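Have a look at the structure below, then the notes.
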Amino acid sequence: MDTNEQNLSKKERYELKRAAKQEKYQVQARNRLAKRILLWLFVAAGLGGIVFGVIKLGGSSFSSNQPSLLLDEVSESDWTKGANGAGIILVEYSDFQCPACRNYYPIVKQLTAELVEKVQFVYRHFPLYSVHKNAEKAAIAAEAAGRQGKFWEMHDLIFEHQNEWAEAKDAEEFFMSYADSLSLDKEKFVADLASDEIKDKVVRDYQSGVASRVNSTPTFFLNGERIQNPRGYEEFRALLDSNP
């Protein structure tokens, strides 16, 4: 204890210590407050980043500006069923190896048969390259059969026998057997399987789907506008019947 403190009375020394303690507590309180402020700033910054990320992700998938219209009109290069100039045009982007497409296949086939005078059905290839290893080969096989006037027949066989070839190491063997059953010229069919022109046609279909923001199969466009996939035949029929 220094001389000045020795000269203080007992009460004065008590008040001095009490003031020192209060100052110490105030410093500690200020430090705690500063830490809390910094913590909340970090939390706020993190939440802001999360919200921004959600907005960005949501914008990329669900943007109100996202096109829902078919950008490539139906042309002579498309495979179609039904009357030209029909009042209803139904375009399907499909993957031959896709189980959901296989489930919709008999529904669409029945509808197009029943409404042949009212609906023009258009099939476009959209092979999901990253998950279906044989989808492109199937599309090429259908196109090759189409060179001999049997696109729709091959289309039907490929879907109906999807379980046979979907995971096969050599899917082309199955497509060759389907070509035999359709009495196709084998040499021409084999040559067309290797055709760059046919491969380009499949790629063009795929790219047209990408341009129209197709991201799953099957995707349907009714009179140029993307629709939510109907839940079965009855709902699909009602949707088509509701169009003039």
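Please note that chains go A, B, ... in the order of the structure tokens, that every chain numbers its residues from 1, and that ligands are numbered from 1 in the order shown.
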
- request: Quick one: everything within 12 Å of segment 129-136 of chain A, counting only C-alpha atoms, minus sequence neighbours fewer than 6 positions away in the same chain. Send it as JSON, numbers by chain.
  value: {"A": [94, 95, 96, 97, 98, 99, 101, 142, 143, 158, 159, 162, 163, 164, 165, 166, 167, 168, 169, 170, 171, 172, 173, 174, 175, 193, 198, 199, 200, 201, 202, 203, 205, 206, 216, 217]}

Could you make a table, as JSON lines, of the residues of segment 62-130 of chain A that have an atom within 12 Å of an atom of segment 232-241 of chain A, each with its nearest atom pair and distance in Å to one decimal, counting only C-alpha atoms, in chain and number order?
```
{"residue": "A:Gly87", "atom": "CA", "partner": "A:Leu240", "partner_atom": "CA", "distance": 10.4}
{"residue": "A:Ile88", "atom": "CA", "partner": "A:Leu240", "partner_atom": "CA", "distance": 7.7}
{"residue": "A:Ile89", "atom": "CA", "partner": "A:Leu240", "partner_atom": "CA", "distance": 9.7}
{"residue": "A:Leu90", "atom": "CA", "partner": "A:Leu240", "partner_atom": "CA", "distance": 9.1}
{"residue": "A:Ala100", "atom": "CA", "partner": "A:Gly232", "partner_atom": "CA", "distance": 11.6}
{"residue": "A:Asn103", "atom": "CA", "partner": "A:Gly232", "partner_atom": "CA", "distance": 9.3}
{"residue": "A:Tyr104", "atom": "CA", "partner": "A:Gly232", "partner_atom": "CA", "distance": 8.0}
{"residue": "A:Tyr105", "atom": "CA", "partner": "A:Tyr233", "partner_atom": "CA", "distance": 10.7}
{"residue": "A:Pro106", "atom": "CA", "partner": "A:Tyr233", "partner_atom": "CA", "distance": 9.1}
{"residue": "A:Ile107", "atom": "CA", "partner": "A:Tyr233", "partner_atom": "CA", "distance": 5.6}
{"residue": "A:Val108", "atom": "CA", "partner": "A:Tyr233", "partner_atom": "CA", "distance": 8.1}
{"residue": "A:Lys109", "atom": "CA", "partner": "A:Tyr233", "partner_atom": "CA", "distance": 10.4}
{"residue": "A:Gln110", "atom": "CA", "partner": "A:Tyr233", "partner_atom": "CA", "distance": 8.6}
{"residue": "A:Leu111", "atom": "CA", "partner": "A:Arg237", "partner_atom": "CA", "distance": 6.9}
{"residue": "A:Thr112", "atom": "CA", "partner": "A:Arg237", "partner_atom": "CA", "distance": 10.0}
{"residue": "A:Ala113", "atom": "CA", "partner": "A:Arg237", "partner_atom": "CA", "distance": 11.8}
{"residue": "A:Glu114", "atom": "CA", "partner": "A:Arg237", "partner_atom": "CA", "distance": 9.7}
{"residue": "A:Leu115", "atom": "CA", "partner": "A:Leu240", "partner_atom": "CA", "distance": 8.9}
{"residue": "A:Val116", "atom": "CA", "partner": "A:Leu240", "partner_atom": "CA", "distance": 11.8}
{"residue": "A:Lys118", "atom": "CA", "partner": "A:Leu240", "partner_atom": "CA", "distance": 9.1}
{"residue": "A:Val119", "atom": "CA", "partner": "A:Leu240", "partner_atom": "CA", "distance": 8.2}
{"residue": "A:Gln120", "atom": "CA", "partner": "A:Leu240", "partner_atom": "CA", "distance": 11.2}
{"residue": "A:Phe121", "atom": "CA", "partner": "A:Leu240", "partner_atom": "CA", "distance": 11.6}
```

Show which residues sit within 9 Å of Asn229 of chain A, as a PDB file with C-alpha atoms, in the first residue's frame. Count only C-alpha atoms, and ignore same-chain residues fewer than 4 positions away.
```pdb
ATOM      1  CA  PRO A 218     -41.739 -37.259 -70.058  1.00  0.00           C
ATOM      2  CA  THR A 219     -42.483 -33.588 -70.613  1.00  0.00           C
ATOM      3  CA  PHE A 220     -45.602 -32.629 -72.567  1.00  0.00           C
ATOM      4  CA  PHE A 236     -55.305 -36.806 -69.697  1.00  0.00           C
TER       5      PHE A 236
END
```

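Atom pair atom CA of Trp152 of chain A / atom CA of Pro244 of chain A: separated by 26.8 Å.
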
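In this model, the gap between atom CA of Ser177 of chain A and atom CA of Arg204 of chain A comes to 27.1 Å.
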
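The interatomic distance for the pair atom CA of Gln228 of chain A and atom CA of Lys137 of chain A works out to 27.9 Å.
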
field: Residues of segment 59-206 of chain A in helix (DSSP H, G or I), written as a ChimeraX atom specification
entry: /A:59-62,99-114,135-146,151-160,162-165,171-181,186-193,196-206

- request: Give me the residues within 9 Å of Asp192 of chain A as number ranges by chain, counting only C-alpha atoms and dropping any in the same chain fewer than 2 places off.
  value: A: 140-141, 143-145, 147, 187-190, 194-198

Save out the residues we just selected, all heavy atoms, as an mmCIF file, in the first residue's frame.
```cif
data_model
loop_
_atom_site.group_PDB
_atom_site.id
_atom_site.type_symbol
_atom_site.label_atom_id
_atom_site.label_comp_id
_atom_site.auth_asym_id
_atom_site.auth_seq_id
_atom_site.Cartn_x
_atom_site.Cartn_y
_atom_site.Cartn_z
ATOM 1 N N ILE A 140 -31.692 -43.842 -81.577
ATOM 2 C CA ILE A 140 -31.077 -44.042 -82.894
ATOM 3 C C ILE A 140 -31.712 -45.233 -83.606
ATOM 4 O O ILE A 140 -31.965 -45.193 -84.822
ATOM 5 C CB ILE A 140 -29.556 -44.228 -82.743
ATOM 6 C CG1 ILE A 140 -28.911 -42.897 -82.312
ATOM 7 C CG2 ILE A 140 -28.921 -44.732 -84.032
ATOM 8 C CD1 ILE A 140 -27.453 -43.016 -81.917
ATOM 9 N N ALA A 141 -32.002 -46.304 -82.864
ATOM 10 C CA ALA A 141 -32.647 -47.476 -83.455
ATOM 11 C C ALA A 141 -34.030 -47.123 -84.006
ATOM 12 O O ALA A 141 -34.419 -47.569 -85.096
ATOM 13 C CB ALA A 141 -32.753 -48.598 -82.428
ATOM 14 N N GLU A 143 -35.001 -44.153 -84.998
ATOM 15 C CA GLU A 143 -34.775 -43.316 -86.177
ATOM 16 C C GLU A 143 -34.354 -44.168 -87.374
ATOM 17 O O GLU A 143 -34.782 -43.918 -88.511
ATOM 18 C CB GLU A 143 -33.710 -42.260 -85.873
ATOM 19 C CG GLU A 143 -34.148 -41.162 -84.937
ATOM 20 C CD GLU A 143 -35.138 -40.198 -85.575
ATOM 21 O OE1 GLU A 143 -35.114 -40.048 -86.819
ATOM 22 O OE2 GLU A 143 -35.941 -39.604 -84.841
ATOM 23 N N ALA A 144 -33.515 -45.173 -87.127
ATOM 24 C CA ALA A 144 -33.071 -46.055 -88.212
ATOM 25 C C ALA A 144 -34.260 -46.820 -88.789
ATOM 26 O O ALA A 144 -34.372 -46.991 -90.014
ATOM 27 C CB ALA A 144 -32.006 -47.020 -87.702
ATOM 28 N N ALA A 145 -35.148 -47.281 -87.930
ATOM 29 C CA ALA A 145 -36.353 -47.945 -88.410
ATOM 30 C C ALA A 145 -37.232 -46.968 -89.184
ATOM 31 O O ALA A 145 -37.892 -47.329 -90.170
ATOM 32 C CB ALA A 145 -37.133 -48.539 -87.234
ATOM 33 N N ARG A 147 -36.251 -44.739 -91.124
ATOM 34 C CA ARG A 147 -35.735 -44.621 -92.493
ATOM 35 C C ARG A 147 -36.391 -45.643 -93.426
ATOM 36 O O ARG A 147 -36.349 -45.504 -94.631
ATOM 37 C CB ARG A 147 -34.218 -44.832 -92.500
ATOM 38 C CG ARG A 147 -33.406 -43.725 -91.835
ATOM 39 C CD ARG A 147 -33.377 -42.475 -92.702
ATOM 40 N NE ARG A 147 -32.581 -41.410 -92.122
ATOM 41 C CZ ARG A 147 -31.284 -41.216 -92.375
ATOM 42 N NH1 ARG A 147 -30.633 -42.069 -93.150
ATOM 43 N NH2 ARG A 147 -30.646 -40.209 -91.838
ATOM 44 N N GLU A 187 -29.091 -54.849 -93.513
ATOM 45 C CA GLU A 187 -27.880 -54.105 -93.871
ATOM 46 C C GLU A 187 -28.117 -52.604 -93.768
ATOM 47 O O GLU A 187 -27.268 -51.869 -93.257
ATOM 48 C CB GLU A 187 -27.425 -54.494 -95.276
ATOM 49 C CG GLU A 187 -26.846 -55.898 -95.368
ATOM 50 C CD GLU A 187 -26.256 -56.185 -96.735
ATOM 51 O OE1 GLU A 187 -26.196 -55.246 -97.568
ATOM 52 O OE2 GLU A 187 -25.863 -57.344 -96.979
ATOM 53 N N LYS A 188 -29.231 -52.162 -94.265
ATOM 54 C CA LYS A 188 -29.549 -50.734 -94.188
ATOM 55 C C LYS A 188 -29.728 -50.300 -92.740
ATOM 56 O O LYS A 188 -29.269 -49.229 -92.336
ATOM 57 C CB LYS A 188 -30.807 -50.417 -94.998
ATOM 58 C CG LYS A 188 -31.230 -48.956 -94.907
ATOM 59 C CD LYS A 188 -32.324 -48.632 -95.876
ATOM 60 C CE LYS A 188 -32.838 -47.200 -95.673
ATOM 61 N NZ LYS A 188 -31.759 -46.189 -95.682
ATOM 62 N N PHE A 189 -30.407 -51.136 -91.954
ATOM 63 C CA PHE A 189 -30.635 -50.817 -90.545
ATOM 64 C C PHE A 189 -29.304 -50.673 -89.803
ATOM 65 O O PHE A 189 -29.100 -49.702 -89.055
ATOM 66 C CB PHE A 189 -31.494 -51.900 -89.892
ATOM 67 C CG PHE A 189 -31.856 -51.614 -88.460
ATOM 68 C CD1 PHE A 189 -32.806 -50.663 -88.142
ATOM 69 C CD2 PHE A 189 -31.239 -52.306 -87.411
ATOM 70 C CE1 PHE A 189 -33.143 -50.392 -86.824
ATOM 71 C CE2 PHE A 189 -31.572 -52.043 -86.096
ATOM 72 C CZ PHE A 189 -32.523 -51.091 -85.794
ATOM 73 N N VAL A 190 -28.383 -51.614 -90.028
ATOM 74 C CA VAL A 190 -27.067 -51.556 -89.376
ATOM 75 C C VAL A 190 -26.313 -50.300 -89.806
ATOM 76 O O VAL A 190 -25.691 -49.613 -88.987
ATOM 77 C CB VAL A 190 -26.245 -52.822 -89.697
ATOM 78 C CG1 VAL A 190 -24.800 -52.654 -89.231
ATOM 79 C CG2 VAL A 190 -26.870 -54.045 -89.037
ATOM 80 N N ALA A 194 -25.229 -46.412 -87.482
ATOM 81 C CA ALA A 194 -23.952 -45.686 -87.391
ATOM 82 C C ALA A 194 -23.991 -44.330 -88.087
ATOM 83 O O ALA A 194 -22.975 -43.641 -88.170
ATOM 84 C CB ALA A 194 -22.840 -46.541 -88.003
ATOM 85 N N SER A 195 -25.169 -43.946 -88.538
ATOM 86 C CA SER A 195 -25.313 -42.714 -89.316
ATOM 87 C C SER A 195 -25.144 -41.460 -88.450
ATOM 88 O O SER A 195 -25.840 -41.284 -87.450
ATOM 89 C CB SER A 195 -26.685 -42.690 -89.994
ATOM 90 O OG SER A 195 -26.992 -41.409 -90.490
ATOM 91 N N ASP A 196 -24.249 -40.579 -88.855
ATOM 92 C CA ASP A 196 -24.074 -39.304 -88.151
ATOM 93 C C ASP A 196 -25.312 -38.426 -88.301
ATOM 94 O O ASP A 196 -25.655 -37.654 -87.399
ATOM 95 C CB ASP A 196 -22.848 -38.561 -88.692
ATOM 96 C CG ASP A 196 -21.541 -39.208 -88.262
ATOM 97 O OD1 ASP A 196 -21.539 -39.919 -87.233
ATOM 98 O OD2 ASP A 196 -20.521 -39.010 -88.950
ATOM 99 N N GLU A 197 -25.977 -38.561 -89.432
ATOM 100 C CA GLU A 197 -27.178 -37.758 -89.672
ATOM 101 C C GLU A 197 -28.276 -38.107 -88.675
ATOM 102 O O GLU A 197 -28.960 -37.229 -88.145
ATOM 103 C CB GLU A 197 -27.668 -37.992 -91.104
ATOM 104 C CG GLU A 197 -28.811 -37.069 -91.501
ATOM 105 C CD GLU A 197 -29.229 -37.273 -92.943
ATOM 106 O OE1 GLU A 197 -28.496 -37.951 -93.695
ATOM 107 O OE2 GLU A 197 -30.306 -36.761 -93.323
ATOM 108 N N ILE A 198 -28.420 -39.407 -88.405
ATOM 109 C CA ILE A 198 -29.418 -39.834 -87.427
ATOM 110 C C ILE A 198 -29.026 -39.387 -86.026
ATOM 111 O O ILE A 198 -29.864 -38.910 -85.247
ATOM 112 C CB ILE A 198 -29.613 -41.366 -87.487
ATOM 113 C CG1 ILE A 198 -30.454 -41.729 -88.706
ATOM 114 C CG2 ILE A 198 -30.282 -41.881 -86.212
ATOM 115 C CD1 ILE A 198 -30.724 -43.206 -88.867
#
```

query: Tell me, which residues of segment 44-218 of chain A carry DSSP strand (DSSP E or B), written as a PyMOL selection string?
result: chain A and resi 69+79-81+88-94+119-125
